[in-house]
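See below for the structure under consideration.
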Amino acid sequence: MDARGFGVTLGPEEAYRFARGEEVISSHGVRVKLSRPLDWLVVADHSDGMGAMDKIISGDPELLKDPKINNWHQKMNGGKESALDANVDIFSHYASGRLPKILMDERFTQSIWDDYVETADRFNDPGNFTAMIGYEWTSTAGGNNLHRNILYRDDADTARKMLPFTASESFNPEDLWQWMEKYEAATGGKILALAHNGNLSNGIMFPVETNPATGEPLSASYAATRAKWEPLYEVTQIKGDGEAHPFLSPNDEFADYETWDKANMGPVFKENSMLQYEYAREALKNGLKMAQTLGTNPYKFGMLGSTDSHTGLATAEEENFFGKSSVVEPEPGRWNHLIAQLGPVKMIAWEMTASGYAGVWATENTREALFDAMARKEVYATTGSRITVRFFGGWHYTEKDATSPQLARIGYDKGVPMGGDLPPDSSGKSPSFIVAAARDPFSGTLDRIQIVKGWLDADGNTREKVYDVAWSGNRKPNRKGKLAPVGSTVDIANATWSNSIGAAELATVWQDPDFDSNQSAFYYARVLEIPTPRWSAYDVKRFGDNIPAEVPMTTQERAYTSPIWYNGGQ
Amino acid sequence: MTDNVALFKEPLLQFALIGTLIFALYALVAPPPQAPANVIAIEAAQIEQLIANYQKTWRQEPDQKAVAAMIEDAVREEIYYREALALGLDRNDKVIRLRLRQKMEFLSDTGSDLLDPEEAELSAYFAANQENYRQPAKLALEQIFLGASADAAEIQTIVETLTSNPATDPLRWQQASLLPAQLPLSSRQAIDGIFGQGFFAAIAALPPNQWSAPVPSSFGVHLVRIREHQQEQTPPLDDIRALVARDWKAQKTLELRNQLFAKLREQYQIQLPAPFSRLLSQHSCPPAC
């Protein structure tokens with residue numbers, strides 16, 4: 001949901017209206033609307049300073065010494081017509097460079113931050129639509145993406161007490177965490193941070209041995225501080241999917257989803273050795289190991305998705321995708337727009353991923369409830385379709401719990417939801433998990449649910465395994481345990497598909513067949529849809545674009561839940 | 001995301017970089033320039049502003065090292081800024097142009113902050129824009145999900161049992177599903193968002209408080225009992241005053257922006273090739289459009 005108002009004609013106001021389901025006019029003049037409203041939105045903008053209007057209106061004594069300003073002040077406060085006059089007058093003075101010098105004095109700047117947080121407050125409608133306050137800290141040292149979004153539980157009165165931390169002050173996340181500490185102590189507010197695009201960090205998003213900022217070994221305090229301030233990670237978005245990478249997970253045939261692995265954001269190519277520090281699954285695994293040496297698992301994060309669009313439009317549906325930035329919008333030939341070039345390597349617009357959204361299991365639609373759910377990691381990511389997914393872990397679930405209409409109640413009563421920790425257990429049993437998913441009625445049906453397990457083996461090495469646990473149709477896993485692909489009904493030429501395959505809902509209780517109570521582990525669910533047309537197919541259909549064969553025309557939308565952790569040997 | 005990489009492919013930047021290289025080479029072999037050294041005068045007010053920003057960011061006074069670092073950074077920014085302008089890097093840069101446009105609009109919009117509608121004005125605006133405030137019809141419902149492959153005879157039995165004994169607990173037949181068994185008053189958009197397109201239309205005409213015949217959805221077959229049916233309506237102004245005032249203000253802001261822009265535009269003469277010139281005058285879109 002990072003819609004930085006940079007180079008876009010739509011501001012936060014339009015972004016909120018759009019998210020609420022209203023029609024807005026895009027930066028290129030196209031009428032655009034979501035298929036369904038969003039429940040909440042964070043516009044993650046930047047601070048800046050300008051404008052002196054509020055001081056003129058309120059009558060700052062120092063300013064009023066200037067007769068012209070004094071006159072404007074009178075007019076501003078003398079009713080609408082005269083205020084309008086004054087405004088026109090001030091503006092034309094400004095436009096022609098004749099503004100009294102004192103007004104250009106930077107002491108009289110009004111922070112855009114103030115304006116931004118007030119706009120968020122105006123659109124925040126508890127129970128109906130939540131406009132959560134947030135901003136992006138855009139650390140990009142040498143082109144290595146270390147971006148973080150900072151989200152507030154607070155309203156404008158609290159949030160405005162401190163200006164956001166900017167990347168011009170520091171590129172080091174530890175300084176950001178220090179600022180966050182300060183913010184909470186000074187204002188009594190609550191904030192959290194989540195990073196995105198580790199895939200563009202060239203090996204520094206999830207360091208394991210060395211702190212990239214200092215070159216020193218990672219410290220216990222780094223691990224503890226990171227775990228404290230960054231309970232979440234943005235695992236999927238327009239600049240590629242960051243759950244898993246085929247190089248790291250060669251046995252996972254679904255690991256190569258919308259992968260961006262050519263380079264960082266600057267001019268440095270990717271090397272395979274960097275990948276282990278970039279992808280969520282690997283970080284979750286490394287975190288188990290680091291907990292043993294550093295005392296805290298720094299990468300014990302929940303997972304959600306966002307668009308990171310810079311269009312003011314949070315679009316993630318294939319059929320209604322407005323892209324990354326407002327340079328190109330849906331129009332003939334947009335697939336071929338050059339995003340970046342690095343020697344012979346090009347990033348072309350067709351590589352953009354129409355992704356993603358964040359699902360939050362909150363008790364109500366308010367800033368406080370959403371924030372609290374995020375803080376306890378009861379969240380999941382989708383690549384843009386609105387799949388519903390439940391995931392619970394415990395020691396006492398039975399098979400029939402999956403077929404109960406009260407599935408969620410049983411889930412909470414007998415275990416912990418996604419984002420939680422399995423409590424200690426001495427029964428000697430393996431943990432079991434309730435997992436259930438419902439399709440997005442506007443998108444494809446469901447192919448399968450998988451559980452991804454990562455653990456530390458007896459030698460302290462990280463391991464992973466992907467289990468198919470529920471699937472559509474009568475498919476049987478082969479001898480190697482692999483389930484056949486679900487097939488495809490996509491008619492690429494017409495950008496349509498049929499839901500004649502797949503399941504509307506899937507649910508099961510799964511017990512870990514390879515559990516060892518001495519070994520720390522995490523489990524998360526991955527839900528796959530059947531293939532549906534990718535946004536590139538809609539472009540071909542709508543604009544008659546002639547797209548080369550290398551461009552994928554179908555996609556299997558997916559959801560990733562936050563993990564449930566087990567602390568070995570407890 | 002910053003578009004650093006994209007910058008490097010800008011022909012202008014490539015050109016500029018080559019130009020800089022030539023300039024640097026020239027500087028090495030040529031005698032020192034006659035012009036006085038460039039001066040960057042940082043005024044006390046600017047430093048106070050840096051310090052104020054620091055305080056607003058950190059809630060504490062910067063130490064001398066921090067102040068020095070901020071000043072050094074301001075100097076760096078200023079030098080890059082000047083050099084970039086001298087190289088013309090601001091021209092033909094869509095991001096910079098849009099940013100400046102945004103600043104101009106921000107400037108013109110700030111004035112509308114002080115506009116507050118008078119009662120008559122707000123009522124008139126509300127009356128003229130009733131369409132925008134019409135709330136869609138809403139339904140509150142209970143539903144029993146019978147699954148994707150429910151048998152017709154079985155459904156018949158369930159309907160009969162429910163009809164003869166409405167107090168029967170519907171959970172008895174509810175199939176496992178993440179779909180909600182009850183929904184509070186919800187619009188077509190919300191209901192179709194949960195059950196799939198066409199579901200609202202299929203149940204909108206059902207009589208209230210009795211179980212329906214089977215209704216198909218994107219998931220399977222449901223029996224539905226409508227609890228409440230709220231017709232499409234426009235709430236009274238008092239109920240949505242803040243919302244209407246906000247929209248009024250948004251419209252005024254736009255009007256003001258367009259008026260101010262019209263003032264600027266008057267000062268320019270636009271030259272276009274003939275056919276387009278005619279096109280523009282035919283379709284010219286004065287401020288308020």
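By order in the structure tokens, chains are A, B, ...; within a chain, residues start at 1; ligands start at 1, following the order shown.
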- Query: Quick one: residues within 8 Å of stretch 543-558 of chain A, only C-alpha atoms counted, chain neighbours fewer than 4 positions away excluded, as a ChimeraX atom specification?
  - Reply: /A:331-333,335,350-351,382-385,387,490,492,526-537,539
Per-residue DSSP, stretch 91-234 of chain A, filtered to helix (DSSP H, G or I), as a short mmCIF file (atom, residue, chain, number, x, y, z; two decimals) with C-alpha atoms, in the first residue's frame:
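result-v5.cif, freshly written:
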data_model
loop_
_atom_site.label_atom_id
_atom_site.label_comp_id
_atom_site.auth_asym_id
_atom_site.auth_seq_id
_atom_site.Cartn_x
_atom_site.Cartn_y
_atom_site.Cartn_z
CA PHE A 91 -0.89 32.78 -5.63
CA SER A 92 -0.22 35.22 -8.44
CA HIS A 93 2.44 36.90 -6.31
CA TYR A 94 3.98 33.53 -5.80
CA ALA A 95 3.75 32.55 -9.45
CA LYS A 101 10.66 37.49 1.17
CA ILE A 102 9.72 36.60 4.71
CA LEU A 103 7.22 34.05 3.38
CA MET A 104 9.96 32.16 1.61
CA GLU A 106 11.84 28.20 5.72
CA ARG A 107 10.80 28.82 9.27
CA PHE A 108 7.30 29.25 7.93
CA ILE A 112 3.19 17.97 4.31
CA TRP A 113 3.26 15.40 7.06
CA ASP A 114 0.67 17.44 8.96
CA ASP A 115 -1.45 17.63 5.88
CA TYR A 116 -1.05 13.92 5.23
CA VAL A 117 -1.98 12.75 8.73
CA GLU A 118 -5.00 15.03 8.78
CA THR A 119 -6.19 13.61 5.47
CA ALA A 120 -5.83 10.10 6.88
CA ASP A 121 -7.89 11.12 9.91
CA ARG A 122 -10.62 12.55 7.69
CA PHE A 123 -10.94 9.32 5.75
CA ALA A 141 22.25 2.46 -0.37
CA GLY A 142 24.06 1.72 -3.61
CA GLY A 143 20.80 0.60 -5.15
CA ALA A 156 -2.98 12.37 13.64
CA ASP A 157 -2.59 14.14 16.99
CA THR A 158 -0.05 11.56 18.14
CA ALA A 159 1.58 10.83 14.79
CA PRO A 173 17.77 0.28 9.63
CA GLU A 174 19.24 0.32 13.14
CA ASP A 175 18.86 4.11 13.11
CA LEU A 176 15.26 3.69 12.04
CA TRP A 177 14.64 1.35 14.99
CA GLN A 178 16.23 3.90 17.29
CA TRP A 179 13.86 6.52 15.92
CA MET A 180 10.94 4.15 16.49
CA GLU A 181 12.01 3.60 20.09
CA LYS A 182 12.14 7.35 20.53
CA TYR A 183 8.74 7.84 18.95
CA GLU A 184 7.00 5.41 21.27
CA ALA A 185 8.76 6.74 24.35
CA ALA A 186 8.09 10.39 23.53
CA THR A 187 4.51 10.18 22.27
CA GLY A 198 14.51 -8.23 -0.14
CA ASN A 199 14.74 -9.63 -3.68
CA LEU A 200 16.25 -6.29 -4.74
CA ALA A 220 22.38 -10.12 19.92
CA SER A 221 21.02 -6.61 20.17
CA TYR A 222 20.57 -6.40 16.39
CA ALA A 223 18.50 -9.58 16.52
CA ALA A 224 16.43 -8.47 19.50
CA THR A 225 15.82 -4.97 18.15
CA ARG A 226 14.86 -6.17 14.70
CA ALA A 227 12.47 -8.77 16.13
CA LYS A 228 10.91 -6.07 18.31
CA TRP A 229 10.25 -3.52 15.56
#
- Task: DSSP on the backbone, then: every residue of stretch 109-194 of chain A marked strand (DSSP E or B), written as a list in words.
- Result: Gln110, Ser111, Asp125, Phe129, Thr130, Ala131, Met132, Ile133, Gly134, Tyr135, Glu136, Trp137, Arg148, Asn149, Ile150, Leu151, Tyr152, Ile191, Leu192, Ala193 and Leu194 of chain A
- Query: Nearest to chain B: which of A:Thr307, A:Asn461, A:Ser82, A:Ser404 is it, counting only C-alpha atoms?
  - Reply: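 Selected residue with least distance to chain B: A:Ser404.
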- Task: May I ask you to extract the residues of chain B within 7 Å of chain A, using only C-alpha atoms, and to give them as number ranges by chain?
- Result: B: 4-6, 9, 45-46, 49, 56-59, 95, 98-99, 102, 107-108, 110-111, 115, 174-178, 189, 193-196, 218-219, 260
Store the residues picked out above in a file with C-alpha atoms, as a PDB file, in the first residue's frame.
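Listing of out-v5.pdb after writing:
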ATOM      1  CA  ASN B   4      17.637   5.264 -10.347  1.00  0.00           C
ATOM      2  CA  VAL B   5      18.179   2.718 -13.010  1.00  0.00           C
ATOM      3  CA  ALA B   6      15.739   4.284 -15.385  1.00  0.00           C
ATOM      4  CA  LYS B   9      19.066   5.197 -19.777  1.00  0.00           C
ATOM      5  CA  ALA B  45      17.318  30.745   9.406  1.00  0.00           C
ATOM      6  CA  GLN B  46      18.088  27.742   7.260  1.00  0.00           C
ATOM      7  CA  GLN B  49      15.130  25.048  10.209  1.00  0.00           C
ATOM      8  CA  LYS B  56      10.707  17.307  15.321  1.00  0.00           C
ATOM      9  CA  THR B  57      12.175  14.006  14.175  1.00  0.00           C
ATOM     10  CA  TRP B  58      14.059  13.054  17.319  1.00  0.00           C
ATOM     11  CA  ARG B  59      12.451  15.041  20.096  1.00  0.00           C
ATOM     12  CA  VAL B  95       9.031  13.038 -12.371  1.00  0.00           C
ATOM     13  CA  LEU B  98       4.943  16.284 -12.086  1.00  0.00           C
ATOM     14  CA  ARG B  99       6.430  17.041  -8.708  1.00  0.00           C
ATOM     15  CA  GLN B 102       1.978  18.885  -7.592  1.00  0.00           C
ATOM     16  CA  LEU B 107      -0.020  25.715  -3.012  1.00  0.00           C
ATOM     17  CA  SER B 108      -3.309  26.620  -4.617  1.00  0.00           C
ATOM     18  CA  THR B 110      -3.898  25.180   0.739  1.00  0.00           C
ATOM     19  CA  GLY B 111      -6.115  28.226   0.506  1.00  0.00           C
ATOM     20  CA  LEU B 115     -13.370  27.388   3.442  1.00  0.00           C
ATOM     21  CA  GLN B 174     -24.408 -26.434   7.615  1.00  0.00           C
ATOM     22  CA  GLN B 175     -21.543 -27.864   5.580  1.00  0.00           C
ATOM     23  CA  ALA B 176     -17.985 -27.022   6.549  1.00  0.00           C
ATOM     24  CA  SER B 177     -17.174 -23.666   5.019  1.00  0.00           C
ATOM     25  CA  LEU B 178     -15.462 -20.382   5.731  1.00  0.00           C
ATOM     26  CA  GLN B 189     -21.062  -5.180  -3.477  1.00  0.00           C
ATOM     27  CA  GLY B 193     -17.941 -10.097  -2.916  1.00  0.00           C
ATOM     28  CA  ILE B 194     -18.492 -13.001  -0.523  1.00  0.00           C
ATOM     29  CA  PHE B 195     -20.770 -15.345  -2.477  1.00  0.00           C
ATOM     30  CA  GLY B 196     -20.009 -14.339  -6.065  1.00  0.00           C
ATOM     31  CA  SER B 218     -19.784 -19.531  -6.585  1.00  0.00           C
ATOM     32  CA  PHE B 219     -19.356 -22.145  -3.849  1.00  0.00           C
ATOM     33  CA  LEU B 260      -6.017  29.950 -10.161  1.00  0.00           C
TER      34      LEU B 260
END
- May I ask which of the residues A:Ile449, A:Leu38, A:Asp516, A:Lys480 is the closest one to B:Ala190, counting only C-alpha atoms?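 Among A:Ile449, A:Leu38, A:Asp516, A:Lys480, it is A:Leu38 that comes nearest to B:Ala190.
The shell of residues at most 8 Å from A:Ala193, with only C-alpha atoms counted and near chain neighbours (fewer than 4 positions) removed, consists of Arg148, Asn149, Ile150, Leu151, Trp229, Glu230, Pro231 and Leu232 of chain A.
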Please write the residues from the selection above to a file, keeping N, CA and C atoms, as a compact mmCIF listing (two decimals), in the first residue's frame.
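What ended up in selection-v5.txt:
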# COMPACT_ATOMS: atom_id res chain seq x y z
N ARG A 148 11.55 0.20 4.21
CA ARG A 148 10.61 -0.20 5.26
C ARG A 148 9.39 0.70 5.21
N ASN A 149 8.23 0.09 5.42
CA ASN A 149 7.04 0.89 5.69
C ASN A 149 6.83 0.91 7.19
N ILE A 150 6.51 2.10 7.71
CA ILE A 150 6.25 2.25 9.14
C ILE A 150 4.75 2.50 9.29
N LEU A 151 4.09 1.69 10.10
CA LEU A 151 2.65 1.80 10.29
C LEU A 151 2.34 2.26 11.71
N TRP A 229 10.87 -4.55 16.39
CA TRP A 229 10.25 -3.52 15.56
C TRP A 229 9.72 -4.00 14.23
N GLU A 230 10.16 -5.19 13.81
CA GLU A 230 9.74 -5.66 12.50
C GLU A 230 9.04 -7.02 12.59
N PRO A 231 7.82 -7.03 13.09
CA PRO A 231 7.11 -8.31 13.24
C PRO A 231 6.59 -8.86 11.91
N LEU A 232 6.68 -8.06 10.84
CA LEU A 232 6.09 -8.47 9.57
C LEU A 232 7.08 -8.28 8.43
- Task: For B:Ser187, please output as number ranges by chain all residues within 10 Å (counting only C-alpha atoms; exclusion window: fewer than 4 positions along the same chain).
- Result: B: 135-140, 191-193, 200, 230, 232
Store the residues picked out above in a file with C-alpha atoms, as a PDB file, in the first residue's frame.
ATOM      1  CA  GLN B 135     -27.068   4.265  -0.158  1.00  0.00           C
ATOM      2  CA  PRO B 136     -27.626   1.029  -2.009  1.00  0.00           C
ATOM      3  CA  ALA B 137     -30.223  -1.503  -0.949  1.00  0.00           C
ATOM      4  CA  LYS B 138     -28.980  -3.802   1.796  1.00  0.00           C
ATOM      5  CA  LEU B 139     -29.858  -7.252   3.020  1.00  0.00           C
ATOM      6  CA  ALA B 140     -29.233  -8.950   6.338  1.00  0.00           C
ATOM      7  CA  ILE B 191     -22.676  -9.825  -0.626  1.00  0.00           C
ATOM      8  CA  ASP B 192     -21.497 -10.541  -4.168  1.00  0.00           C
ATOM      9  CA  GLY B 193     -17.941 -10.097  -2.916  1.00  0.00           C
ATOM     10  CA  PHE B 200     -27.522 -10.541  -4.296  1.00  0.00           C
ATOM     11  CA  GLN B 230     -33.336  -2.084   3.622  1.00  0.00           C
ATOM     12  CA  GLU B 232     -32.143   2.012  -1.432  1.00  0.00           C
TER      13      GLU B 232
END
- Query: Which residue, B:Pro275, B:Gly220, B:Gly198, B:Pro214, has the smallest gap to B:Ala153 when you use only C-alpha atoms?
  - Reply: B:Pro214
- Task: Excluding A:Thr353 and any residue of its chain fewer than 6 positions from it, enumerate the residues within 8 Å of it, using only C-alpha atoms, and give them as a ChimeraX atom specification.
- Result: /A:237-241,258
Output C-alpha atoms of each residue in that selection to a file, as a PDB file, in the first residue's frame.
ATOM      1  CA  GLN A 237       4.303  -7.053  -4.498  1.00  0.00           C
ATOM      2  CA  ILE A 238       4.642  -5.567  -7.985  1.00  0.00           C
ATOM      3  CA  LYS A 239       8.442  -5.783  -8.019  1.00  0.00           C
ATOM      4  CA  GLY A 240       8.367  -9.539  -7.715  1.00  0.00           C
ATOM      5  CA  ASP A 241       7.386 -12.270  -5.307  1.00  0.00           C
ATOM      6  CA  GLU A 258       7.094 -13.983 -10.640  1.00  0.00           C
TER       7      GLU A 258
END
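Straight-line separation from atom CA of A:Leu194 to atom CA of B:Met70: 27.2 Å.
The residue set within 8 Å of A:Pro100, counting only C-alpha atoms and dropping same-chain residues fewer than 5 places from it, reads Asp66, Lys68 and Ile69 of chain A.
Residues in contact with B:Leu122 at 9 Å, where only C-alpha atoms are counted and same-chain residues fewer than 4 positions away are skipped, are listed as Pro117, Glu118, Phe126, Ala127, Leu237, Arg241, Val244, Ala245 and Trp248 of chain B.
Taking atom CA of B:Leu185 as the reference point, atom CA of B:Gln231 is found at 10.9 Å.
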